[in-house]
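What follows is a short report on a single structure.
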Amino acid sequence: MSSQDIFFKHQAQTTPFAKALEISHSEGMFIYDIDGKRYLDLVAGVSACTLGHAHPNIINAINTQVKRYLHVMVYGEYIQSPQYKLAQLLAQNLPKKLDCTYFVNSGCEAIEGAMKLAKRKTSRSKIISFHNSYHGSTHGALSIMGQEHYKTKYRPLLGDCYQIPYDCISALQKIDYQTAAVVVEPIQGASGFRVPSTLWLKQLSKRCKEVGAQLIFDEIQTCFGRTGKLFALQTFDVVPDILCLAKGMGGGMAIGAFISSKEDMALLKENPMLGHITTFGGHPVNCAASLATLQTLLDEPDIIDSVIRKEKLFRDNLVHPKIKEIRGKGLMLAVELGNKDWCNALVEKGYENGLITFFFLFTKTSVRISPPLNISDEQIVEACQKIKHILNQF
C-alpha cells in the first residue's frame, strides 16, 4: 500500500476531499512535499505557526526541554519551569486582573475550562454566544457554536445555551441576571474574519458588568500578535474576565490556556477539589515552545509592530475585479470573491502555483490568508501576484 492508501484507509478523515499533500519538511515560510516542491504558506497551520516553520528559537527550546524531561505528573502537582515561566510572562504582559493561567492542550479545552469557571464563579448556568461563532468541536464548545448545521446531528447538547446577533448593540439586552457567561471572539474566525465595532465590544463588556456575567474572550485565533497587538483585547481596549488562548501561542506545538484572576481561578481547587483537571495540559515541551514564541515576539517587537503595515501591503496588492472585499485585521484576512467555485479554484490552483491558502468553515465564498507574522514584504508581494495570476484564469 502507498502512503496515500494507508492515510485514507487507516487515518480518520474530517472531509470527503482531504488534500493529502504528503509533507517532507518545512522551514520558514515554506512547506515542502516529498517531491521537493516548495509552497509559500499563507495559512500557518490555521494561524498556529506564529513565527513560521522550524523557527530556531522554538526548535532550540524544544530540544533543550526534551533532554530535561517530558511528562512527569498530572497537571498542577509539580513545579515545572516551562509552565511557571510561561505563566509569569503571560501575567506580565496582560492586564492586572488576568494574572493566573491554567494550561490545557487545545482551544476547545480552554473554552470548556472557561465555561466551567464562569459557572463556578456565578452559580448560574446560562451561556450566551453569537451567531456564526466557532469555539471548538467538543460537546460543551459545540453547544455554544453559532451555526446549527454543525450541531444538529450531535444533540442533545448542553442546555441553557443561546446565541444572539454579533455586533448588534440592541441584542445585548438578552444578556440578563441569569447569565453565567458571554463567550465572544473579538474577531470572528469561521465566518470569515468578521471585525466588530469597538463600541459594540465595549457595550458588551458594560452589559456583562451590569448583570454580573463573566465576559470570556476567545482569542484562540487572534493570539499572539495577529491583530497588530500581542492580544486582541489590547487592540479593542476591552478586558475580559476570562481569556482563552491556543493556536498561535504554541508556535506550532499543541497548547491552550484559560486565564483569569488568581482569586477566581482558586475556585477550581476546592469544594470540590479537582474542579478542572488534565493529564497532559501544560506539557513541558509545549510550554517551552510557547515560552520561546512569546519571548521572541517580546525581544523582537518589530515582528508585531509590522503586522498592520503588512496588512496594508496585502490590501494594496490584492486589487482585482474578482475580489469584492478583504475583511479582517492585521494578518488575519478573508479575501471575499462572492463565488464558491472561484474560491475552490483559487485554493486548488494555489497548490499548482506553490501557494497555500485555505477555506473558512462557515463561509464558502472567502479564502483565508493568515501567514506567519514574520512573512517578508517580498513574500507578500509574490503571494499577491500569484493570487491575481490565478484569478485571471477564470
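Chains: A, B, ... in order of the C-alpha cells. Residues: from 1 per chain. Ligands: from 1, in order shown.
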
Nearby residues (only C-alpha atoms) at most 8 Å from Asn105 of chain A, same-chain spacing under 3 positions excluded, as an NGL selection string: :A and (109-110 or 254-257 or 280-283)

Give me, as a Markdown table, each residue of segment 240-268 of chain A that comes within 12 Å of segment 119-124 of chain A, together with its shortest interatomic pair and the distance in Å at one decimal, counting only C-alpha atoms, with rows ordered by chain and rising residue number.
| residue | atom | partner | partner_atom | distance |
| --- | --- | --- | --- | --- |
| A:Asp241 | CA | A:Lys121 | CA | 10.7 |
| A:Ile242 | CA | A:Lys121 | CA | 11.1 |
| A:Ser260 | CA | A:Lys121 | CA | 11.1 |
| A:Ser261 | CA | A:Lys121 | CA | 11.3 |
| A:Glu263 | CA | A:Lys121 | CA | 10.1 |
| A:Asp264 | CA | A:Lys121 | CA | 6.8 |
| A:Met265 | CA | A:Lys121 | CA | 9.0 |
| A:Ala266 | CA | A:Lys121 | CA | 10.1 |
| A:Leu267 | CA | A:Arg120 | CA | 7.0 |
| A:Leu268 | CA | A:Arg120 | CA | 7.8 |

Selected residues, C-alpha atoms, written as a PDB file, in the first residue's frame, please.
ATOM      1  CA  ASP A 241     -12.961  38.300  32.967  1.00  0.00           C
ATOM      2  CA  ILE A 242     -11.562  35.153  31.360  1.00  0.00           C
ATOM      3  CA  SER A 260      -8.394  34.776  34.899  1.00  0.00           C
ATOM      4  CA  SER A 261      -7.675  36.305  38.292  1.00  0.00           C
ATOM      5  CA  GLU A 263      -8.889  34.718  43.213  1.00  0.00           C
ATOM      6  CA  ASP A 264     -11.339  33.310  40.687  1.00  0.00           C
ATOM      7  CA  MET A 265      -9.074  30.540  39.444  1.00  0.00           C
ATOM      8  CA  ALA A 266      -8.713  29.317  43.026  1.00  0.00           C
ATOM      9  CA  LEU A 267     -12.383  28.280  42.897  1.00  0.00           C
ATOM     10  CA  LEU A 268     -11.355  25.251  40.850  1.00  0.00           C
TER      11      LEU A 268
END

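Minimum atom-to-atom distances from A:Leu373, A:Val46, A:Leu157, A:Met273 to Ser306 of chain A were compared using only C-alpha atoms, and the lowest value belongs to A:Leu373.
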
Atomic distance atom CA of Cys343 of chain A - atom CA of Gly189 of chain A, expressed in Å with one decimal: 17.0 Å

Would you please extract all strand (DSSP E or B) residues from segment 112-356 of chain A, as assigned by DSSP on the backbone, and give them as a PyMOL selection string? chain A and resi 126-130+161-164+179-184+188+194+214-218+242-245+256-260+325-329+332-336+355-356

Write down as a VMD selection string the residues of segment 29-139 of chain A whose backbone DSSP state falls under alpha helix (DSSP H). chain A and resid 44 to 47 56 to 68 81 to 92 107 to 122 139

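Omitting Gly212 of chain A and its sequence neighbours fewer than 6 positions away, and counting only C-alpha atoms, the residues within 8 Å are Thr122, Tyr177, Thr179 and Ala180 of chain A.
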
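Nearest-residue note for Asn344 of chain A: choosing from A:Glu311, A:Ile390, A:Cys108, A:Met73, the minimum distance belongs to A:Ile390, counting only C-alpha atoms.
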
How close does segment 172-288 of chain A get to segment 327-336 of chain A? List, as CSV, each residue of segment 172-288 of chain A within 6 Å, its nearest atom pair and the distance in Å to one decimal, counting only C-alpha atoms.
residue,atom,partner,partner_atom,distance
A:Gly192,CA,A:Ala334,CA,5.6
A:Phe193,CA,A:Gly328,CA,4.8
A:Val195,CA,A:Gly328,CA,5.9
A:Arg226,CA,A:Leu331,CA,5.5
A:Thr227,CA,A:Gly330,CA,4.4
A:Gly228,CA,A:Gly330,CA,5.6

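Around segment 39-42 of chain A, within 7 Å and counting only C-alpha atoms, the residues found are Met29, Phe30, Ile31, Tyr32, Gly354, Leu355, Ile356, Thr357, Ile369, Ser370 and Pro371 of chain A, once anything fewer than 5 positions away on its own chain is removed.
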
With C-alpha atoms retained, write the just-selected residues as an mmCIF file, in the first residue's frame.
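To be explicit, this is the file written out as result32.cif:
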data_model
loop_
_atom_site.group_PDB
_atom_site.id
_atom_site.type_symbol
_atom_site.label_atom_id
_atom_site.label_comp_id
_atom_site.auth_asym_id
_atom_site.auth_seq_id
_atom_site.Cartn_x
_atom_site.Cartn_y
_atom_site.Cartn_z
ATOM 1 C CA MET A 29 7.537 30.485 5.314
ATOM 2 C CA PHE A 30 7.635 27.287 3.265
ATOM 3 C CA ILE A 31 6.284 23.731 3.325
ATOM 4 C CA TYR A 32 7.934 21.107 1.098
ATOM 5 C CA GLY A 354 3.287 26.750 -4.958
ATOM 6 C CA LEU A 355 0.914 28.724 -2.745
ATOM 7 C CA ILE A 356 -1.142 27.538 0.233
ATOM 8 C CA THR A 357 -4.405 29.282 1.089
ATOM 9 C CA ILE A 369 -4.927 34.458 4.452
ATOM 10 C CA SER A 370 -3.236 34.090 7.842
ATOM 11 C CA PRO A 371 0.511 33.743 7.223
#

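The spacing separating atom CA of Tyr166 of chain A from atom CA of Lys206 of chain A amounts to 15.7 Å.
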
From the list A:Ala114, A:Ala44, A:Val367, A:Leu86, which residue is nearest Gln221 of chain A when using only C-alpha atoms? A:Ala44

Distance table requested - segment 14-127 of chain A against segment 140-147 of chain A, cut-off 8 Å, only C-alpha atoms: one row per qualifying residue with the closest atom pair and its distance in Å to one decimal, ordered by chain and rising residue number, as CSV.
residue,atom,partner,partner_atom,distance
A:Cys108,CA,A:Ala141,CA,6.2
A:Ile111,CA,A:Ala141,CA,6.5
A:Glu112,CA,A:Gly140,CA,6.1
A:Ile127,CA,A:Ile144,CA,7.5

Excluding Pro321 of chain A and residues on its chain fewer than 3 positions from it, collect all residues at most 12 Å away from it, counting only C-alpha atoms, and give them as an MDAnalysis selection string. chainID A and resid 318 324:325 336:338 388 391:392 394

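Minimum atom-to-atom distances from A:Lys247, A:Arg368, A:Lys126, A:His149 to Thr293 of chain A were compared using only C-alpha atoms, and the lowest value belongs to A:Lys247.
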